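Shown next: coords-v2.pdb, containing PDB, C-alpha atoms.
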```pdb
ATOM      1  CA  MET J 525      14.827 -18.167  27.190
ATOM      2  CA  ILE J 526      11.716 -19.167  29.180
ATOM      3  CA  PRO J 527       9.574 -21.797  27.545
ATOM      4  CA  ALA J 528       5.978 -20.771  26.864
ATOM      5  CA  MET J 529       3.349 -22.176  29.168
ATOM      6  CA  PRO J 530       0.660 -24.310  27.603
ATOM      7  CA  ALA J 531      -2.699 -22.524  27.304
ATOM      8  CA  SER J 532      -4.394 -24.976  29.629
ATOM      9  CA  ALA J 533      -1.870 -24.312  32.419
ATOM     10  CA  ALA J 534      -2.429 -20.540  32.189
ATOM     11  CA  ALA J 535      -6.218 -20.965  32.392
ATOM     12  CA  ARG J 536      -6.163 -22.994  35.621
ATOM     13  CA  PRO J 537      -5.461 -20.086  38.014
ATOM     14  CA  ARG J 538      -8.259 -18.039  36.387
ATOM     15  CA  GLN J 539     -10.699 -20.932  36.677
ATOM     16  CA  ALA J 540      -9.777 -21.426  40.323
ATOM     17  CA  SER J 541     -10.182 -17.744  41.166
ATOM     18  CA  SER J 542     -13.467 -17.622  39.236
ATOM     19  CA  ALA J 543     -14.762 -20.628  41.168
ATOM     20  CA  LEU J 544     -13.648 -19.040  44.440
ATOM     21  CA  LEU J 545     -15.432 -15.773  43.610
ATOM     22  CA  ARG J 546     -18.580 -17.665  42.613
ATOM     23  CA  PHE J 547     -18.501 -19.596  45.883
ATOM     24  CA  GLY J 548     -18.014 -16.349  47.830
ATOM     25  CA  ARG J 549     -20.958 -14.707  46.059
ATOM     26  CA  ILE J 550     -23.218 -17.680  46.704
ATOM     27  CA  ALA J 551     -22.144 -17.965  50.354
ATOM     28  CA  GLY J 552     -22.505 -14.227  50.958
ATOM     29  CA  MET J 553     -25.889 -13.853  49.269
ATOM     30  CA  GLY J 554     -27.128 -17.078  50.867
ATOM     31  CA  THR J 555     -26.194 -15.690  54.270
ATOM     32  CA  VAL J 556     -27.932 -12.375  53.563
ATOM     33  CA  THR J 557     -31.054 -14.226  52.380
ATOM     34  CA  ALA J 558     -31.086 -16.426  55.473
ATOM     35  CA  LEU J 559     -30.663 -13.402  57.777
ATOM     36  CA  ILE J 560     -33.530 -11.544  56.080
ATOM     37  CA  LEU J 561     -35.860 -14.542  56.432
ATOM     38  CA  ILE J 562     -34.820 -15.183  60.044
ATOM     39  CA  ALA J 563     -35.466 -11.518  60.869
ATOM     40  CA  GLY J 564     -38.920 -11.776  59.255
ATOM     41  CA  VAL J 565     -39.830 -14.848  61.287
ATOM     42  CA  TRP J 566     -38.410 -13.271  64.463
ATOM     43  CA  ALA J 567     -40.426 -10.082  63.960
ATOM     44  CA  SER J 568     -43.583 -12.060  63.243
ATOM     45  CA  TRP J 569     -43.175 -14.536  66.092
ATOM     46  CA  GLY J 570     -43.464 -11.806  68.727
ATOM     47  CA  THR J 571     -47.191 -11.579  67.977
ATOM     48  CA  ALA J 572     -47.843 -14.876  66.220
ATOM     49  CA  GLN J 573     -46.950 -16.979  69.254
ATOM     50  CA  TYR J 574     -49.975 -15.661  71.138
ATOM     51  CA  VAL J 575     -52.318 -16.137  68.195
ATOM     52  CA  LEU J 576     -51.131 -19.595  67.132
ATOM     53  CA  LEU J 577     -50.485 -21.175  70.532
ATOM     54  CA  THR J 578     -53.788 -20.326  72.229
ATOM     55  CA  LYS J 579     -54.091 -23.401  74.463
ATOM     56  CA  GLY J 580     -54.194 -22.218  78.070
ATOM     57  CA  ARG J 581     -54.375 -18.534  77.135
ATOM     58  CA  GLU J 582     -57.202 -16.165  77.933
ATOM     59  CA  GLN J 583     -59.405 -15.581  74.911
ATOM     60  CA  GLY J 584     -62.238 -13.134  74.517
ATOM     61  CA  THR J 585     -63.433 -10.004  72.784
ATOM     62  CA  VAL J 586     -62.624  -6.335  73.154
ATOM     63  CA  GLU J 587     -64.878  -3.462  72.161
ATOM     64  CA  VAL J 588     -62.579  -0.600  71.196
ATOM     65  CA  THR J 589     -63.812   2.583  72.871
ATOM     66  CA  ARG J 590     -60.751   4.827  72.771
ATOM     67  CA  CYS J 591     -57.699   5.244  70.535
ATOM     68  CA  GLY J 592     -54.698   7.489  70.937
ATOM     69  CA  GLY J 593     -50.944   7.484  71.327
ATOM     70  CA  GLY J 594     -50.391   4.369  69.246
ATOM     71  CA  SER J 595     -52.803   2.137  71.132
ATOM     72  CA  CYS J 596     -56.507   1.521  71.511
ATOM     73  CA  SER J 597     -58.353   0.322  74.579
ATOM     74  CA  GLY J 598     -61.719  -0.950  75.696
ATOM     75  CA  PRO J 599     -63.489  -3.433  77.944
ATOM     76  CA  TYR J 600     -62.601  -7.117  77.664
ATOM     77  CA  SER J 601     -65.266  -9.830  77.696
ATOM     78  CA  PRO J 602     -63.999 -13.387  78.263
ATOM     79  CA  VAL J 603     -64.885 -16.311  76.010
ATOM     80  CA  SER J 604     -62.555 -19.070  77.242
ATOM     81  CA  ALA J 605     -62.865 -20.896  80.544
ATOM     82  CA  GLY J 606     -60.789 -19.330  83.313
ATOM     83  CA  SER J 607     -60.594 -15.953  81.650
ATOM     84  CA  GLN J 608     -61.770 -12.951  83.648
ATOM     85  CA  ALA J 609     -63.475  -9.790  82.457
ATOM     86  CA  ARG J 610     -61.429  -6.601  82.536
ATOM     87  CA  GLU J 611     -62.547  -2.984  82.429
ATOM     88  CA  ARG J 612     -59.737  -2.006  80.120
ATOM     89  CA  VAL J 613     -57.269  -3.844  77.895
ATOM     90  CA  VAL J 614     -54.862  -2.341  75.374
ATOM     91  CA  VAL J 615     -54.462  -3.356  71.749
ATOM     92  CA  GLU J 616     -51.927  -1.879  69.324
ATOM     93  CA  ASP J 617     -53.426   0.885  67.194
ATOM     94  CA  SER J 618     -52.929  -0.168  63.594
ATOM     95  CA  VAL J 619     -54.865  -0.678  60.396
ATOM     96  CA  ALA J 620     -56.235  -3.817  62.027
ATOM     97  CA  VAL J 621     -58.153  -1.916  64.727
ATOM     98  CA  ALA J 622     -60.844   0.748  64.530
ATOM     99  CA  LYS J 623     -62.731   2.606  67.247
ATOM    100  CA  GLY J 624     -66.262   1.351  67.875
ATOM    101  CA  ARG J 625     -65.663  -2.190  66.621
ATOM    102  CA  THR J 626     -65.442  -5.470  68.517
ATOM    103  CA  TYR J 627     -62.567  -7.905  67.921
ATOM    104  CA  SER J 628     -61.716 -11.394  69.098
ATOM    105  CA  VAL J 629     -58.439 -11.260  71.000
ATOM    106  CA  VAL J 630     -55.939 -13.234  73.065
ATOM    107  CA  VAL J 631     -54.520 -11.726  76.268
ATOM    108  CA  LYS J 632     -50.729 -11.643  76.597
ATOM    109  CA  PRO J 633     -49.886 -13.452  79.855
ATOM    110  CA  GLY J 634     -49.279 -11.226  82.862
ATOM    111  CA  SER J 635     -50.434  -8.007  81.216
ATOM    112  CA  ASP J 636     -53.447  -6.048  80.061
ATOM    113  CA  GLU J 637     -52.262  -6.165  76.428
ATOM    114  CA  VAL J 638     -54.166  -8.164  73.835
ATOM    115  CA  VAL J 639     -53.561  -9.207  70.226
ATOM    116  CA  ARG J 640     -56.123  -9.978  67.561
ATOM    117  CA  SER J 641     -56.942 -13.632  67.087
ATOM    118  CA  GLY J 642     -58.726 -15.636  64.425
ATOM    119  CA  PRO J 643     -57.770 -15.707  60.750
ATOM    120  CA  ALA J 644     -57.259 -11.937  60.582
ATOM    121  CA  GLY J 645     -54.977 -11.979  63.619
ATOM    122  CA  VAL J 646     -52.914 -14.878  62.285
ATOM    123  CA  LEU J 647     -52.409 -13.244  58.895
ATOM    124  CA  TYR J 648     -51.664  -9.842  60.418
ATOM    125  CA  ALA J 649     -49.087 -11.390  62.761
ATOM    126  CA  TRP J 650     -47.163 -12.825  59.787
ATOM    127  CA  VAL J 651     -47.024  -9.561  57.778
ATOM    128  CA  PRO J 652     -43.329  -8.971  58.649
ATOM    129  CA  LEU J 653     -42.516 -12.388  57.160
ATOM    130  CA  GLY J 654     -44.363 -11.402  53.970
ATOM    131  CA  GLY J 655     -42.196  -8.310  53.664
ATOM    132  CA  ALA J 656     -39.075 -10.359  54.350
ATOM    133  CA  LEU J 657     -40.041 -12.800  51.600
ATOM    134  CA  LEU J 658     -40.367  -9.929  49.143
ATOM    135  CA  LEU J 659     -37.018  -8.461  50.138
ATOM    136  CA  ALA J 660     -35.254 -11.821  50.113
ATOM    137  CA  SER J 661     -36.627 -12.594  46.651
ATOM    138  CA  VAL J 662     -34.678  -9.645  45.261
ATOM    139  CA  VAL J 663     -31.471 -10.952  46.854
ATOM    140  CA  VAL J 664     -32.137 -14.470  45.559
ATOM    141  CA  ALA J 665     -32.815 -13.239  42.029
ATOM    142  CA  GLY J 666     -29.920 -10.778  41.826
ATOM    143  CA  GLY J 667     -27.294 -12.307  44.072
ATOM    144  CA  LEU J 668     -27.946 -16.016  43.732
ATOM    145  CA  ARG J 669     -29.357 -15.855  40.202
ATOM    146  CA  ARG J 670     -32.184 -18.221  41.065
ATOM    147  CA  THR J 671     -35.090 -16.506  39.342
ATOM    148  CA  ARG J 672     -37.640 -19.307  39.721
ATOM    149  CA  VAL J 673     -37.033 -19.534  43.446
ATOM    150  CA  ALA J 674     -37.163 -15.739  43.672
ATOM    151  CA  TRP J 675     -40.495 -15.589  41.853
ATOM    152  CA  GLY J 676     -41.857 -18.253  44.211
ATOM    153  CA  MET J 677     -40.710 -16.313  47.261
ATOM    154  CA  ALA J 678     -42.103 -13.056  45.885
ATOM    155  CA  GLY J 679     -45.409 -14.760  45.083
ATOM    156  CA  ALA J 680     -45.657 -16.175  48.604
ATOM    157  CA  GLY J 681     -44.875 -12.755  50.094
ATOM    158  CA  VAL J 682     -47.462 -10.992  47.925
ATOM    159  CA  ALA J 683     -50.054 -13.685  48.693
ATOM    160  CA  LEU J 684     -49.473 -13.325  52.435
ATOM    161  CA  LEU J 685     -49.633  -9.534  52.370
ATOM    162  CA  THR J 686     -52.733  -9.521  50.149
ATOM    163  CA  ALA J 687     -54.522 -12.077  52.326
ATOM    164  CA  ALA J 688     -53.687 -10.045  55.440
ATOM    165  CA  PHE J 689     -54.933  -6.864  53.751
ATOM    166  CA  PHE J 690     -58.298  -8.389  52.885
ATOM    167  CA  ALA J 691     -58.678 -10.242  56.197
ATOM    168  CA  VAL J 692     -58.018  -7.172  58.297
TER
END
```
Show how you would write the structure in this file as structure tokens.
Amino acid sequence: MIPAMPASAAARPRQASSALLRFGRIAGMGTVTALILIAGVWASWGTAQYVLLTKGREQGTVEVTRCGGGSCSGPYSPVSAGSQARERVVVEDSVAVAKGRTYSVVVKPGSDEVVRSGPAGVLYAWVPLGGALLLASVVVAGGLRRTRVAWGMAGAGVALLTAAFFAV
């Protein structure tokens, strides 16, 4: 006859497997959250670098005269020292640009492409990060079960997107 195991000895393997599953969930969801936020920063940095790091870059204004095919164009008037006027520069056609209006811009080095500058340009450049914060907040709330942190992330994402909406 096999002696009965004490109740505490039978519970140890379940506690260990439960702890291992909890660790796996936290590690997996933490990794997903980090990847979402890194992707948001990466997507934003493509434009934000020109708007935030303006020292030594050509700055000026563009009067949008034509839009079509996903881009708008117009003549460029320099504002910064060393910048040269151009007959035509190209800016991405988005909600941030309208035909017939003049915008302050920064020229991408070695090209005729420009990005919006000033507060509206900075906020618009970080819109992908705002979306990533919203998406990551769902993962943090559901996967990591950190609702306060998730609400903070969601609030920051909504604040960024709302500020960009009103600035643009």
Checklist outcome for this item: A straight line from CA of Ala620 in chain J to CA of Ala660 in chain J spans 25.4 Å
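Taking only C-alpha atoms into account, Leu659 in chain J lies nearest to J:Met677 out of the set J:Leu684, J:Met677, J:Met553, J:Val575.
CA of Ala649 in chain J is positioned 17.9 Å from CA of Glu582 in chain J.
Residues lying at most 10 Å from (-34.4, -11.4, 53.7) in file coordinates, with only C-alpha atoms considered, are Met553, Gly554, Thr555, Val556, Thr557, Ala558, Leu559, Ile560, Leu561, Ile562, Ala563, Gly564, Val565, Leu653, Gly654, Gly655, Ala656, Leu657, Leu658, Leu659, Ala660, Ser661, Val662, Val663 and Val664 of chain J.
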Any chance you can output those residues with C-alpha atoms as a PDB file, in the coordinates of the input?
```
ATOM      1  CA  MET J 553     -25.889 -13.853  49.269  1.00  0.00           C
ATOM      2  CA  GLY J 554     -27.128 -17.078  50.867  1.00  0.00           C
ATOM      3  CA  THR J 555     -26.194 -15.690  54.270  1.00  0.00           C
ATOM      4  CA  VAL J 556     -27.932 -12.375  53.563  1.00  0.00           C
ATOM      5  CA  THR J 557     -31.054 -14.226  52.380  1.00  0.00           C
ATOM      6  CA  ALA J 558     -31.086 -16.426  55.473  1.00  0.00           C
ATOM      7  CA  LEU J 559     -30.663 -13.402  57.777  1.00  0.00           C
ATOM      8  CA  ILE J 560     -33.530 -11.544  56.080  1.00  0.00           C
ATOM      9  CA  LEU J 561     -35.860 -14.542  56.432  1.00  0.00           C
ATOM     10  CA  ILE J 562     -34.820 -15.183  60.044  1.00  0.00           C
ATOM     11  CA  ALA J 563     -35.466 -11.518  60.869  1.00  0.00           C
ATOM     12  CA  GLY J 564     -38.920 -11.776  59.255  1.00  0.00           C
ATOM     13  CA  VAL J 565     -39.830 -14.848  61.287  1.00  0.00           C
ATOM     14  CA  LEU J 653     -42.516 -12.388  57.160  1.00  0.00           C
ATOM     15  CA  GLY J 654     -44.363 -11.402  53.970  1.00  0.00           C
ATOM     16  CA  GLY J 655     -42.196  -8.310  53.664  1.00  0.00           C
ATOM     17  CA  ALA J 656     -39.075 -10.359  54.350  1.00  0.00           C
ATOM     18  CA  LEU J 657     -40.041 -12.800  51.600  1.00  0.00           C
ATOM     19  CA  LEU J 658     -40.367  -9.929  49.143  1.00  0.00           C
ATOM     20  CA  LEU J 659     -37.018  -8.461  50.138  1.00  0.00           C
ATOM     21  CA  ALA J 660     -35.254 -11.821  50.113  1.00  0.00           C
ATOM     22  CA  SER J 661     -36.627 -12.594  46.651  1.00  0.00           C
ATOM     23  CA  VAL J 662     -34.678  -9.645  45.261  1.00  0.00           C
ATOM     24  CA  VAL J 663     -31.471 -10.952  46.854  1.00  0.00           C
ATOM     25  CA  VAL J 664     -32.137 -14.470  45.559  1.00  0.00           C
TER      26      VAL J 664
END
```
Item to check | Top pick for closest residue to Gly598 in chain J, considering J:Ala665, J:Ala680, J:Val613, J:Val692 and counting only C-alpha atoms | outcome: J:Val613
Checklist entry - Neighbours of Glu611 in chain J within 10 Å (only C-alpha atoms; same-chain residues fewer than 2 positions away dropped), as an MDAnalysis selection string? => result chainID J and resid 586 597:601 609 613 636
